[in-house]
Structures are given as C-alpha cells and as structure tokens.
>>> print(open('data24.cif').read())   # mmCIF, C-alpha atoms and all ligand atoms
data_run
#
loop_
_atom_site.label_atom_id
_atom_site.label_comp_id
_atom_site.auth_asym_id
_atom_site.auth_seq_id
_atom_site.Cartn_x
_atom_site.Cartn_y
_atom_site.Cartn_z
CA MET B 25 0.00 0.00 0.00
CA ASN B 26 1.30 3.43 -0.94
CA LYS B 27 1.54 5.53 2.20
CA LYS B 28 0.32 9.10 2.13
CA ASN B 29 3.00 11.50 3.33
CA ILE B 30 1.30 14.09 5.48
CA ALA B 31 2.11 17.59 6.68
CA LEU B 32 -0.19 18.34 9.62
CA LEU B 33 -0.67 22.03 10.38
CA GLY B 34 -2.15 22.79 13.78
CA ALA B 35 -0.95 19.49 15.27
CA THR B 36 -1.58 20.47 18.90
CA GLY B 37 -5.12 21.80 18.35
CA SER B 38 -8.38 19.87 18.41
CA ILE B 39 -8.24 19.02 14.68
CA GLY B 40 -4.59 17.99 15.00
CA MET B 41 -5.33 15.73 17.95
CA ALA B 42 -8.23 14.08 16.09
CA ALA B 43 -5.98 13.64 13.01
CA LEU B 44 -3.34 11.90 15.12
CA LYS B 45 -6.01 9.45 16.33
CA VAL B 46 -6.83 8.68 12.68
CA PHE B 47 -3.13 8.14 11.87
CA ARG B 48 -2.84 5.75 14.84
CA GLN B 49 -5.71 3.68 13.43
CA HIS B 50 -3.93 3.39 10.06
CA PRO B 51 -0.16 3.16 10.50
CA ASP B 52 0.01 1.33 7.16
CA ARG B 53 -1.66 4.17 5.26
CA PHE B 54 -0.08 7.35 6.64
CA ARG B 55 3.38 8.71 7.31
CA LEU B 56 3.56 11.98 9.19
CA VAL B 57 6.52 13.86 7.70
CA GLY B 58 5.90 17.36 9.01
CA VAL B 59 3.96 19.00 11.84
CA ALA B 60 3.30 22.62 12.68
CA ALA B 61 1.90 24.29 15.79
CA GLY B 62 1.64 27.75 17.30
CA ARG B 63 3.76 27.85 20.42
CA GLN B 64 3.13 24.62 22.34
CA TRP B 65 6.57 23.08 21.76
CA ASP B 66 6.19 20.81 24.78
CA LYS B 67 3.05 19.23 23.31
CA LEU B 68 4.89 18.67 20.01
CA ILE B 69 7.73 16.61 21.51
CA PRO B 70 5.70 13.42 22.15
CA ILE B 71 4.17 13.75 18.65
CA ILE B 72 7.61 14.08 17.04
CA GLU B 73 8.81 11.01 18.95
CA GLU B 74 5.75 8.83 18.40
CA PHE B 75 5.48 9.51 14.65
CA LYS B 76 9.23 9.99 14.01
CA VAL B 77 8.56 13.37 12.42
CA GLU B 78 11.54 14.91 10.67
CA LYS B 79 10.40 18.48 10.08
CA VAL B 80 8.58 20.72 12.48
CA CYS B 81 7.42 24.32 12.40
CA LEU B 82 6.42 26.61 15.26
CA TRP B 83 4.72 29.92 14.62
CA ASP B 84 6.36 31.47 17.64
CA SER B 85 10.10 31.92 17.30
CA ALA B 86 10.89 31.73 21.05
CA ALA B 87 9.00 28.42 21.17
CA ALA B 88 10.97 27.22 18.13
CA ALA B 89 14.20 28.04 19.97
CA GLU B 90 13.05 25.99 22.98
CA LEU B 91 12.17 23.03 20.79
CA ARG B 92 15.53 23.14 18.95
CA LYS B 93 17.28 22.42 22.25
CA ARG B 94 15.25 19.25 22.71
CA THR B 95 14.85 17.51 19.35
CA LYS B 96 16.88 16.27 16.41
CA ALA B 97 14.03 17.14 14.05
CA LYS B 98 14.55 20.18 11.83
CA VAL B 99 12.69 23.08 13.44
CA LEU B 100 11.33 25.82 11.15
CA GLU B 101 9.46 28.90 12.30
CA GLY B 102 6.90 31.52 11.32
CA MET B 103 5.05 31.87 8.01
CA GLU B 104 8.23 31.12 6.08
CA GLY B 105 8.52 27.83 7.94
CA LEU B 106 4.87 26.94 7.27
CA LEU B 107 5.30 27.62 3.56
CA GLU B 108 8.50 25.55 3.44
CA LEU B 109 6.78 22.67 5.23
CA VAL B 110 3.74 22.46 2.91
CA CYS B 111 5.77 22.44 -0.30
CA LEU B 112 8.38 19.86 0.72
CA PRO B 113 8.72 17.44 -2.21
CA GLU B 114 8.09 14.45 0.07
CA VAL B 115 4.75 15.87 1.27
CA ASP B 116 1.80 14.78 -0.81
CA TYR B 117 -1.04 15.69 1.55
CA VAL B 118 -1.45 18.86 3.62
CA LEU B 119 -3.93 18.72 6.47
CA ASN B 120 -4.60 22.32 7.42
CA GLY B 121 -6.00 22.56 10.95
CA LEU B 122 -4.57 26.01 11.70
CA VAL B 123 -6.75 28.50 13.56
CA GLY B 124 -7.47 31.82 11.92
CA ALA B 125 -6.26 33.93 9.05
CA ILE B 126 -2.69 32.58 9.14
CA GLY B 127 -4.01 29.38 7.53
CA CYS B 128 -4.67 31.08 4.21
CA ARG B 129 -1.21 31.43 2.66
CA PRO B 130 -0.11 27.86 3.44
CA THR B 131 -3.25 26.56 1.66
CA LEU B 132 -2.47 28.67 -1.39
CA GLU B 133 1.17 27.56 -1.40
CA ALA B 134 0.12 23.91 -1.16
CA ILE B 135 -2.26 24.35 -4.11
CA SER B 136 0.43 25.97 -6.24
CA HIS B 137 2.65 22.95 -5.55
CA GLY B 138 -0.08 20.54 -6.65
CA LYS B 139 -0.63 19.06 -3.18
CA HIS B 140 -3.82 17.45 -2.00
CA ILE B 141 -5.34 19.36 0.89
CA GLY B 142 -7.73 18.54 3.69
CA LEU B 143 -9.02 21.91 4.81
CA ALA B 144 -10.24 22.45 8.35
CA ASN B 145 -9.10 26.08 8.34
CA LYS B 146 -12.33 27.76 7.23
CA GLU B 147 -10.69 31.20 7.20
CA THR B 148 -8.87 30.16 4.03
CA MET B 149 -12.13 30.05 2.07
CA VAL B 150 -13.75 32.94 3.95
CA MET B 151 -10.89 35.36 3.30
CA ALA B 152 -9.75 34.27 -0.09
CA GLY B 153 -12.39 32.02 -1.63
CA GLU B 154 -12.11 33.53 -5.11
CA ILE B 155 -8.31 33.44 -5.01
CA ILE B 156 -8.25 29.82 -3.82
CA ASN B 157 -10.73 28.74 -6.50
CA ALA B 158 -8.68 30.47 -9.20
CA ALA B 159 -5.52 28.75 -7.90
CA LEU B 160 -7.27 25.34 -7.91
CA HIS B 161 -8.33 26.01 -11.50
CA ARG B 162 -4.70 26.77 -12.46
CA ASN B 163 -3.37 23.69 -10.64
CA PRO B 164 -5.62 20.77 -11.63
CA SER B 165 -3.32 18.22 -9.94
CA SER B 166 -4.14 19.80 -6.61
CA ARG B 167 -7.30 18.87 -4.75
CA LEU B 168 -9.06 20.45 -1.80
CA ILE B 169 -11.57 18.63 0.36
CA PRO B 170 -13.32 20.26 3.30
CA ILE B 171 -13.00 18.89 6.82
CA ASP B 172 -15.41 21.25 8.56
CA SER B 173 -18.11 18.74 9.56
CA GLU B 174 -20.95 20.57 7.78
CA HIS B 175 -18.98 20.96 4.57
CA SER B 176 -17.77 17.40 4.69
CA ALA B 177 -21.45 16.40 5.00
CA ILE B 178 -22.40 18.49 1.96
CA PHE B 179 -19.43 17.13 0.02
CA GLN B 180 -20.54 13.59 0.88
CA CYS B 181 -24.20 14.29 -0.03
CA LEU B 182 -23.24 15.92 -3.34
CA ALA B 183 -21.15 12.88 -4.23
CA GLY B 184 -19.78 14.63 -7.30
CA ARG B 185 -23.14 15.86 -8.65
CA PRO B 186 -23.01 19.32 -10.26
CA VAL B 187 -24.36 22.31 -8.39
CA SER B 188 -26.93 22.80 -11.18
CA GLU B 189 -28.83 19.82 -9.71
CA VAL B 190 -28.98 21.46 -6.26
CA GLU B 191 -31.84 23.70 -5.10
CA HIS B 192 -30.28 24.63 -1.82
CA ILE B 193 -27.93 23.44 0.87
CA GLU B 194 -28.77 23.60 4.53
CA LEU B 195 -26.11 23.89 7.21
CA THR B 196 -27.01 22.58 10.63
CA ALA B 197 -25.96 24.52 13.73
CA SER B 198 -26.09 23.35 17.32
CA GLY B 199 -27.26 26.83 18.30
CA GLY B 200 -24.55 27.07 20.95
CA PRO B 201 -25.02 27.33 24.71
CA PHE B 202 -27.30 30.40 24.60
CA ARG B 203 -30.00 29.16 22.27
CA GLU B 204 -32.61 29.30 25.00
CA ARG B 205 -31.25 32.26 26.96
CA PRO B 206 -33.24 35.49 26.54
CA LYS B 207 -31.44 38.23 24.66
CA ALA B 208 -31.77 40.58 27.63
CA ALA B 209 -29.46 38.26 29.61
CA PHE B 210 -26.70 38.33 26.95
CA ALA B 211 -24.88 41.32 28.46
CA ALA B 212 -24.03 39.28 31.57
CA ILE B 213 -22.46 36.38 29.63
CA ARG B 214 -18.83 35.75 30.57
CA LYS B 215 -16.07 33.76 28.88
CA ALA B 216 -16.63 30.68 31.05
CA ASP B 217 -20.34 30.52 30.07
CA ALA B 218 -19.56 30.93 26.38
CA LEU B 219 -16.96 28.13 26.43
CA LYS B 220 -19.56 25.51 27.42
CA HIS B 221 -20.42 24.14 23.99
CA PRO B 222 -23.30 21.63 24.13
CA THR B 223 -22.06 19.06 21.61
CA TRP B 224 -18.55 19.64 20.22
CA VAL B 225 -15.27 19.96 22.10
CA MET B 226 -13.18 22.50 20.16
CA GLY B 227 -10.66 25.28 20.59
CA GLU B 228 -11.65 28.44 22.45
CA LYS B 229 -11.95 30.75 19.44
CA ILE B 230 -14.33 28.53 17.48
CA THR B 231 -16.33 27.79 20.63
CA ILE B 232 -17.02 31.51 21.13
CA ASP B 233 -17.89 31.74 17.42
CA SER B 234 -20.37 28.90 17.92
CA ALA B 235 -21.96 30.77 20.83
CA THR B 236 -22.45 33.94 18.71
CA LEU B 237 -23.38 31.91 15.57
CA MET B 238 -20.50 33.65 13.78
CA ASN B 239 -19.06 30.19 13.22
CA LYS B 240 -22.16 29.30 11.21
CA GLY B 241 -21.95 32.62 9.40
CA LEU B 242 -18.34 31.95 8.40
CA GLU B 243 -19.43 28.46 7.32
CA VAL B 244 -22.10 29.97 5.04
CA ILE B 245 -19.36 31.97 3.30
CA GLU B 246 -17.08 28.92 3.24
CA ALA B 247 -19.87 26.86 1.63
CA HIS B 248 -20.49 29.53 -1.01
CA TYR B 249 -16.89 29.37 -2.21
CA LEU B 250 -16.42 25.62 -1.77
CA PHE B 251 -19.54 24.55 -3.63
CA GLY B 252 -20.43 27.54 -5.82
CA VAL B 253 -23.94 27.86 -4.33
CA ALA B 254 -25.50 31.36 -4.22
CA PHE B 255 -25.98 32.86 -0.75
CA GLU B 256 -29.76 32.90 -1.17
CA ASN B 257 -29.59 29.12 -1.59
CA ILE B 258 -27.57 28.49 1.56
CA LYS B 259 -29.80 28.03 4.60
CA VAL B 260 -29.07 27.48 8.26
CA VAL B 261 -31.17 25.36 10.59
CA ILE B 262 -30.65 24.93 14.32
CA HIS B 263 -30.28 21.27 15.23
CA PRO B 264 -29.14 21.08 18.86
CA SER B 265 -27.92 17.47 18.97
CA SER B 266 -25.53 17.91 15.98
CA ILE B 267 -26.37 14.44 14.64
CA ILE B 268 -27.24 15.56 11.11
CA HIS B 269 -24.18 17.42 9.88
CA SER B 270 -25.92 19.14 6.93
CA PHE B 271 -28.37 18.64 4.07
CA VAL B 272 -28.46 19.00 0.32
CA GLN B 273 -31.85 19.60 -1.34
CA PHE B 274 -31.71 18.31 -4.93
CA ARG B 275 -33.99 19.57 -7.68
CA ASP B 276 -35.89 16.27 -7.94
CA GLY B 277 -37.16 16.68 -4.37
CA SER B 278 -34.61 14.39 -2.72
CA LEU B 279 -33.19 15.77 0.52
CA MET B 280 -29.86 14.13 1.36
CA ALA B 281 -28.34 14.28 4.82
CA GLN B 282 -25.17 12.94 6.39
CA LEU B 283 -25.44 11.71 9.96
CA GLY B 284 -22.95 10.56 12.55
CA CYS B 285 -21.82 10.97 16.12
CA PRO B 286 -20.09 14.33 16.50
CA ASP B 287 -16.47 13.22 16.01
CA MET B 288 -14.02 15.05 13.73
CA GLN B 289 -12.09 11.84 13.01
CA LEU B 290 -14.66 10.93 10.35
CA PRO B 291 -14.44 14.09 8.19
CA ILE B 292 -10.66 14.14 8.66
CA GLN B 293 -10.27 10.58 7.45
CA TYR B 294 -12.75 11.01 4.60
CA ALA B 295 -10.86 14.04 3.28
CA MET B 296 -7.83 11.74 2.97
CA SER B 297 -9.54 8.49 1.90
CA TYR B 298 -11.89 10.07 -0.67
CA PRO B 299 -13.38 8.61 -2.80
CA GLU B 300 -12.81 5.43 -0.79
CA ARG B 301 -14.18 4.73 2.67
CA TRP B 302 -11.80 3.10 5.10
CA PRO B 303 -12.59 1.42 8.41
CA LEU B 304 -12.73 3.82 11.35
CA LYS B 305 -13.33 3.16 15.02
CA VAL B 306 -15.69 5.94 16.04
CA ASP B 307 -19.03 5.61 17.84
CA ARG B 308 -21.94 4.45 15.72
CA LEU B 309 -25.33 6.09 15.90
CA ASP B 310 -28.11 3.99 17.34
CA MET B 311 -31.15 5.61 15.76
CA ALA B 312 -33.57 3.93 18.15
CA LYS B 313 -31.68 5.57 21.03
CA VAL B 314 -31.51 8.92 19.19
CA ALA B 315 -35.33 8.62 19.04
CA LYS B 316 -36.00 12.15 17.81
CA LEU B 317 -34.29 14.89 15.88
CA GLU B 318 -35.18 18.52 16.56
CA PHE B 319 -34.88 21.54 14.26
CA PHE B 320 -35.55 25.24 14.76
CA PRO B 321 -35.10 28.32 12.58
CA PRO B 322 -32.13 30.50 13.61
CA ASP B 323 -32.97 33.70 15.53
CA ILE B 324 -31.06 36.42 13.65
CA ASP B 325 -32.30 39.11 16.03
CA LYS B 326 -30.71 37.30 18.99
CA PHE B 327 -27.64 36.27 17.00
CA PRO B 328 -26.88 39.18 14.61
CA CYS B 329 -23.47 37.70 13.68
CA LEU B 330 -25.22 35.28 11.34
CA GLY B 331 -26.88 38.17 9.50
CA LEU B 332 -23.57 40.04 9.34
CA ALA B 333 -21.95 37.07 7.66
CA TYR B 334 -24.65 36.92 4.97
CA ARG B 335 -24.20 40.67 4.49
CA ALA B 336 -20.43 40.34 4.12
CA GLY B 337 -20.86 37.36 1.82
CA ASN B 338 -23.22 39.25 -0.46
CA LEU B 339 -20.88 42.27 -0.49
CA GLY B 340 -18.12 39.90 -1.63
CA GLY B 341 -14.57 41.03 -2.42
CA THR B 342 -12.70 41.89 0.78
CA ALA B 343 -15.86 42.04 2.95
CA PRO B 344 -15.68 38.46 4.28
CA ALA B 345 -11.97 38.94 5.14
CA ILE B 346 -12.84 42.18 6.93
CA LEU B 347 -15.59 40.55 8.97
CA ASN B 348 -13.40 37.56 9.78
CA ALA B 349 -10.43 39.67 10.89
CA ALA B 350 -12.53 42.00 13.01
CA ASN B 351 -14.17 38.96 14.58
CA GLU B 352 -10.78 37.44 15.42
CA ALA B 353 -9.75 40.66 17.17
CA VAL B 354 -13.04 40.98 19.06
CA VAL B 355 -13.13 37.34 20.15
CA ALA B 356 -9.49 37.53 21.29
CA ARG B 357 -10.45 40.51 23.46
CA PHE B 358 -13.54 38.72 24.81
CA LEU B 359 -11.32 35.74 25.71
CA GLU B 360 -9.06 38.03 27.76
CA ASP B 361 -12.06 38.20 30.08
CA ARG B 362 -11.30 41.72 31.30
CA ALA B 363 -13.42 42.67 34.30
CA ALA B 364 -16.61 44.54 33.37
CA GLY B 365 -15.88 48.26 33.39
CA ALA B 366 -12.08 47.77 32.97
CA PRO B 367 -10.50 49.68 30.05
CA GLY B 368 -11.18 47.90 26.77
CA ALA B 369 -13.49 45.33 28.35
CA ILE B 370 -16.20 44.01 26.06
CA GLY B 371 -19.25 41.90 26.78
CA PHE B 372 -20.78 39.10 24.75
CA ALA B 373 -23.51 41.39 23.39
CA ASP B 374 -20.87 43.88 22.18
CA ILE B 375 -19.37 41.37 19.72
CA PRO B 376 -21.92 41.82 16.89
CA ARG B 377 -22.22 45.56 17.54
CA ILE B 378 -18.49 46.12 17.09
CA LEU B 379 -18.41 43.94 13.98
CA ALA B 380 -21.32 45.82 12.42
CA THR B 381 -19.54 49.11 13.07
CA VAL B 382 -16.38 47.86 11.35
CA LEU B 383 -18.33 46.51 8.37
CA ASP B 384 -20.24 49.81 8.05
CA ALA B 385 -16.96 51.77 7.97
CA ALA B 386 -15.12 49.48 5.56
CA GLU B 387 -14.40 50.26 1.94
CA ILE B 388 -14.89 46.95 0.19
CA GLY B 389 -12.48 46.09 -2.61
CA GLN B 390 -13.72 43.76 -5.34
CA ARG B 391 -11.58 41.04 -6.98
CA PRO B 392 -8.76 41.58 -4.49
CA SER B 393 -5.28 40.10 -4.74
CA LEU B 394 -4.02 38.17 -1.71
CA ASP B 395 -1.98 41.21 -0.66
CA GLN B 396 -5.12 43.33 -0.77
CA VAL B 397 -7.00 40.73 1.27
CA ILE B 398 -4.22 40.77 3.86
CA GLU B 399 -4.25 44.57 3.89
CA ALA B 400 -8.02 44.62 4.42
CA ASP B 401 -7.58 42.05 7.18
CA GLY B 402 -5.03 44.28 8.93
CA TRP B 403 -7.25 47.35 8.60
CA ALA B 404 -10.24 45.50 10.07
CA ARG B 405 -8.24 44.20 13.05
CA ASN B 406 -7.00 47.71 13.83
CA ALA B 407 -10.45 49.18 13.40
CA ALA B 408 -11.97 46.65 15.81
CA ILE B 409 -9.19 47.16 18.38
CA SER B 410 -9.55 50.90 18.08
CA ILE B 411 -13.29 50.72 18.73
CA MET B 412 -12.77 48.48 21.75
CA ASP B 413 -10.01 50.65 23.20
CA ASN B 414 -11.93 53.88 22.74
CA GLN B 415 -15.47 52.93 23.65
CA GLU B 416 -16.87 55.17 26.34
CA SER B 417 -18.78 52.36 27.96
CA ALA B 418 -19.53 48.79 26.99
CA GLY B 419 -22.24 48.71 24.36
CA SER B 420 -21.59 51.99 22.56
CA PRO B 421 -18.72 51.60 20.14
CA ALA B 422 -18.33 54.86 18.27
CA LEU B 423 -17.55 55.00 14.58
CA ALA B 424 -15.46 58.09 15.28
CA SER B 425 -12.95 55.94 17.17
CA ILE B 426 -11.90 54.09 14.00
CA PRO B 427 -8.68 55.66 12.77
CA ALA B 428 -9.78 57.85 9.88
CA LYS B 429 -6.40 57.47 8.23
CA ALA B 430 -6.85 53.74 8.03
CA VAL B 431 -10.25 54.21 6.43
CA ARG B 432 -8.83 56.67 3.89
CA GLN B 433 -5.86 54.45 3.07
CA SER B 434 -8.19 51.56 2.53
CA THR B 435 -10.36 53.67 0.26
CA ALA B 436 -7.40 54.78 -1.80
CA LYS B 437 -6.26 51.19 -2.24
CA THR B 438 -9.64 49.82 -3.13
CA ALA B 439 -10.13 52.55 -5.74
CA GLU B 440 -7.23 51.05 -7.71
CA ARG B 441 -8.84 47.65 -7.98
MG MG S 1 -18.36 23.27 11.47
#
>>> encode(input="data24.cif", output="structure tokens")
Amino acid sequence: MNKKNIALLGATGSIGMAALKVFRQHPDRFRLVGVAAGRQWDKLIPIIEEFKVEKVCLWDSAAAAELRKRTKAKVLEGMEGLLELVCLPEVDYVLNGLVGAIGCRPTLEAISHGKHIGLANKETMVMAGEIINAALHRNPSSRLIPIDSEHSAIFQCLAGRPVSEVEHIELTASGGPFRERPKAAFAAIRKADALKHPTWVMGEKITIDSATLMNKGLEVIEAHYLFGVAFENIKVVIHPSSIIHSFVQFRDGSLMAQLGCPDMQLPIQYAMSYPERWPLKVDRLDMAKVAKLEFFPPDIDKFPCLGLAYRAGNLGGTAPAILNAANEAVVARFLEDRAAGAPGAIGFADIPRILATVLDAAEIGQRPSLDQVIEADGWARNAAISIMDNQESAGSPALASIPAKAVRQSTAKTAER
C-alpha cells in the first residue's frame, strides 16, 4: 500500500489531535513527515517522537528556539517555515487545521505545488475564496476537500453531482449554549459561560464563534466558495444534537443528509480516503436511542453575527476577510475576560455591535489580490481594536474611534482595484 505523506498544520489543536487518532488507526496508510503548531513546543515533543517526524514548524520563534534544544528534528518557524513545510517534495497531503487567518497562505502555497489538501481552516475560504478557486483552476493536480463537519457532510451528499442539480444546501448549527437564553441576559455572559459548547469539544476561538453563531456565518461563506452555491440558496437550521451534519436539497425533491456521532475523526479521514471509505473506530449512531431529531429556525435578532456574515458574503470582495479579521480581534479581546468596566473590556452582546460598526466603515475592494486581502484584514483588526479601546462604555462603540487614516488608506487602495 502506498503511504500518504502528510504535513499536519495545527498538530496540537483539536483538529490535529483528532488527526493523530486517525493516523494511529492506520499506521500502514499514513506517514507523518511534518507538523506545525503555534507555540506549544512541549506538546509537540511526544508527537515528534511517536510519529518519528523529521520536520517541524512553530509559529512562535521563542517556542521554536526551545524546541531546537530538545529535538533532532529540523525546526522551522513563522510563516516562512509553514510555507516551506507544505511544499516539501516528500509531502503529498497537507492537512490544514490552523486556527485563523494565518491558515490562508499555506493553503495557497500547497495548491500551487499541486498538493492534495484537507481543509479544516475555514478562514482560508472565507478570506480568499475567489483566489483559492482560481488557484485550484490553475493547478488541476491539486485537490481540496473540506474537513469542517458541515462541509464534509455536503461534500458527501453531493457525491460529485453538479451544483446545477442542487436547489439549496442547509447547514445545521447546534445553536450554541445560549439558544434558549433570553437576549436581555446576553450582556451578563462571561467567557466561562460561552466556552460551554453543548455538543462539540473544540478550541476556544471557534467555541465563542459557535456561541455567537458567527461560526455558522463563516461556514455559510465557506460553503459559497467551496460549492459555488449562491448565498440565497444556503440556509441554516438549528439542530441542537448535531447528529445531522448538513443537508443538500436536490432539484428532484430528494433531501440528502449525512449523519454521525459528532467526532471530527470521520471528516478528517474522509478528506484523505476520498473517494474510498476506510474502516474507522468511532461511535456508531443507534437511531432507536436517538429517538428524535429537533430543528428550529435560527434567531437572527438574537444572533446578529449570522446576519452580518450573509451581508459580508453578499458584499463579496474583501468584505468576508474584513468581517473575519474584526471577529478574530473581538473574540481575542472577549477571551481576555477583562473585568466589566475595565479599560477595553467588552461583553458578549458587544461582539456583533463592534463587527457591524467595522463593516459599516469598511471600503470593500472587489476582486482583491491576496496582498489586498491581507491589507483589508489588517485594517479591520486595527479598526476593531480601536473601537474596543476607545469605547466610552460597553455597548456603545463609536464610529469616530476608528482611525480615519486607516479608512482613507483603505479607500485609496480599493479605488485602484
Ligand atoms: Mg463546522
């Protein structure tokens, strides 16, 4: 059996950990040749030893220095290291489980080197969907398969059928921990409450995004670029038990769904085994025990982030990158859990308000290059931080606090496009 040589980006995160479990189930099918992580060098050491990994990358250069003292593996660092890792000639499969906007360039680099990619980093498609699709078109030997559970479900339901046969797709959302909490109680929500996700165990950033429904919003944008379905034909339905991972409504009336216990090992393995299905030890659903499946429409008034994502998606160009970057900055601040009333403190209910303010102020560039996407991303982060640092009191971010210069620079740049 020909082994797949894998570069695993985000090895110490929740996707990385699930991927390692898949590799352990199939030592005859996979060889892990490279791993990358942010700064958790100590968590990488047992992975390097167990899988005899030869090349490693850490985002953080101080962490890379620590690791170099303790391993014989070659230790790369930063974006340069990530790009070197994904285009190593011995790598034939890149599993991108990075968190956030930094995952975009490694995906693009892997495509341009004809690699096969399993994509769990949704920011890649959100920020640069058009650019990624153009790169895939130019590099037909490359292949990109989604790992996000909803998109894996849609990919599996589509089973290669063209989008012209699809009426709509429907992404399921757990609804997060605050589905039943009244909106008036949102201001009191703290980090610890928001990190209690009802069905999936994930990293902190995506767990907050699930609580605001921004995660689903980003997934709507991701689905648009992955599958070429118009935004008006991408629906969201709340399904608290996360057993159905998404639906495809075909034009002949057939509604296809993919079901399974919530376990990322399945979409991770399928992205690598496709079109085959390999054995996998994960829990099986017992439908008699499941007994009933519940669905509710999403409440956009309670969860405005979902509406913001549709708005950014319809604006197109740099708008999704702007929303994503601002959201990363705002969620990072929320996770700092500053005491209420402390300088720069934000509450859960401030998240969509700040994002709407940034989106209102943004000049959207159409058909952006990657550099322009990255520039828009930087502007949006600064704009969000500026709002949070200058708000008079929680809940009233002022447009005036966005640096006007940044807005003007952005305008000047977008005018050239
Ligand atoms: Mg998902």
>>> residues_near_ligand(input="data24.cif", ligand="ligand MG 1 (chain S)", cutoff="8 Å", atoms="only C-alpha atoms and all ligand atoms", output="list of chain:residue names")
B:Asp172, B:Ser173, B:Glu174, B:His175, B:Asn239, B:Lys240, B:Glu243
>>> residues_near_point(input="data24.cif", point="(-30.9, 11.5, 21.2)", cutoff="12 Å", atoms="all atoms listed in the file", output="PyMOL selection string")
chain B and resi 223+263-268+284-285+309-318
>>> write_last_selection(input="data24.cif", atoms="C-alpha atoms", output="CSV table (one decimal), in the frame of the given file")
chain,number,residue,atom,x,y,z
B,223,THR,CA,-22.1,19.1,21.6
B,263,HIS,CA,-30.3,21.3,15.2
B,264,PRO,CA,-29.1,21.1,18.9
B,265,SER,CA,-27.9,17.5,19.0
B,266,SER,CA,-25.5,17.9,16.0
B,267,ILE,CA,-26.4,14.4,14.6
B,268,ILE,CA,-27.2,15.6,11.1
B,284,GLY,CA,-23.0,10.6,12.6
B,285,CYS,CA,-21.8,11.0,16.1
B,309,LEU,CA,-25.3,6.1,15.9
B,310,ASP,CA,-28.1,4.0,17.3
B,311,MET,CA,-31.2,5.6,15.8
B,312,ALA,CA,-33.6,3.9,18.2
B,313,LYS,CA,-31.7,5.6,21.0
B,314,VAL,CA,-31.5,8.9,19.2
B,315,ALA,CA,-35.3,8.6,19.0
B,316,LYS,CA,-36.0,12.2,17.8
B,317,LEU,CA,-34.3,14.9,15.9
B,318,GLU,CA,-35.2,18.5,16.6
>>> residues_near_point(input="data24.cif", point="(8.0, 29.5, 16.0)", cutoff="10 Å", atoms="all atoms listed in the file", output="number ranges by chain")
B: 60-65, 80-91, 99-103, 105-106
>>> atom_distance(input="data24.cif", atom1="CA of Glu194 in chain B", atom2="CA of Ala295 in chain B")
20.3 Å
>>> atom_distance(input="data24.cif", atom1="CA of Gln273 in chain B", atom2="CA of His192 in chain B")
5.3 Å
>>> closest_residue(input="data24.cif", among="B:Asp413, B:Glu154, B:Asp66, B:Glu108", to="Pro392 in chain B", atoms="only C-alpha atoms")
B:Glu154
>>> closest_atom_pairs(input="data24.cif", of="range 327-366 of chain B", to="range 379-386 of chain B", cutoff="9 Å", atoms="all atoms listed in the file", output="CSV")
residue,atom,partner,partner_atom,distance
B:Pro328,CA,B:Ala380,CA,8.9
B:Cys329,CA,B:Leu379,CA,8.0
B:Leu332,CA,B:Ala380,CA,6.9
B:Ala336,CA,B:Leu383,CA,7.8
B:Ala343,CA,B:Leu383,CA,7.4
B:Ile346,CA,B:Leu383,CA,7.1
B:Leu347,CA,B:Leu383,CA,6.6
B:Ala350,CA,B:Leu379,CA,6.3
B:Asn351,CA,B:Leu379,CA,6.6
B:Val354,CA,B:Leu379,CA,8.0
>>> atom_distance(input="data24.cif", atom1="CA of Ser166 in chain B", atom2="CA of Gly127 in chain B")
17.1 Å
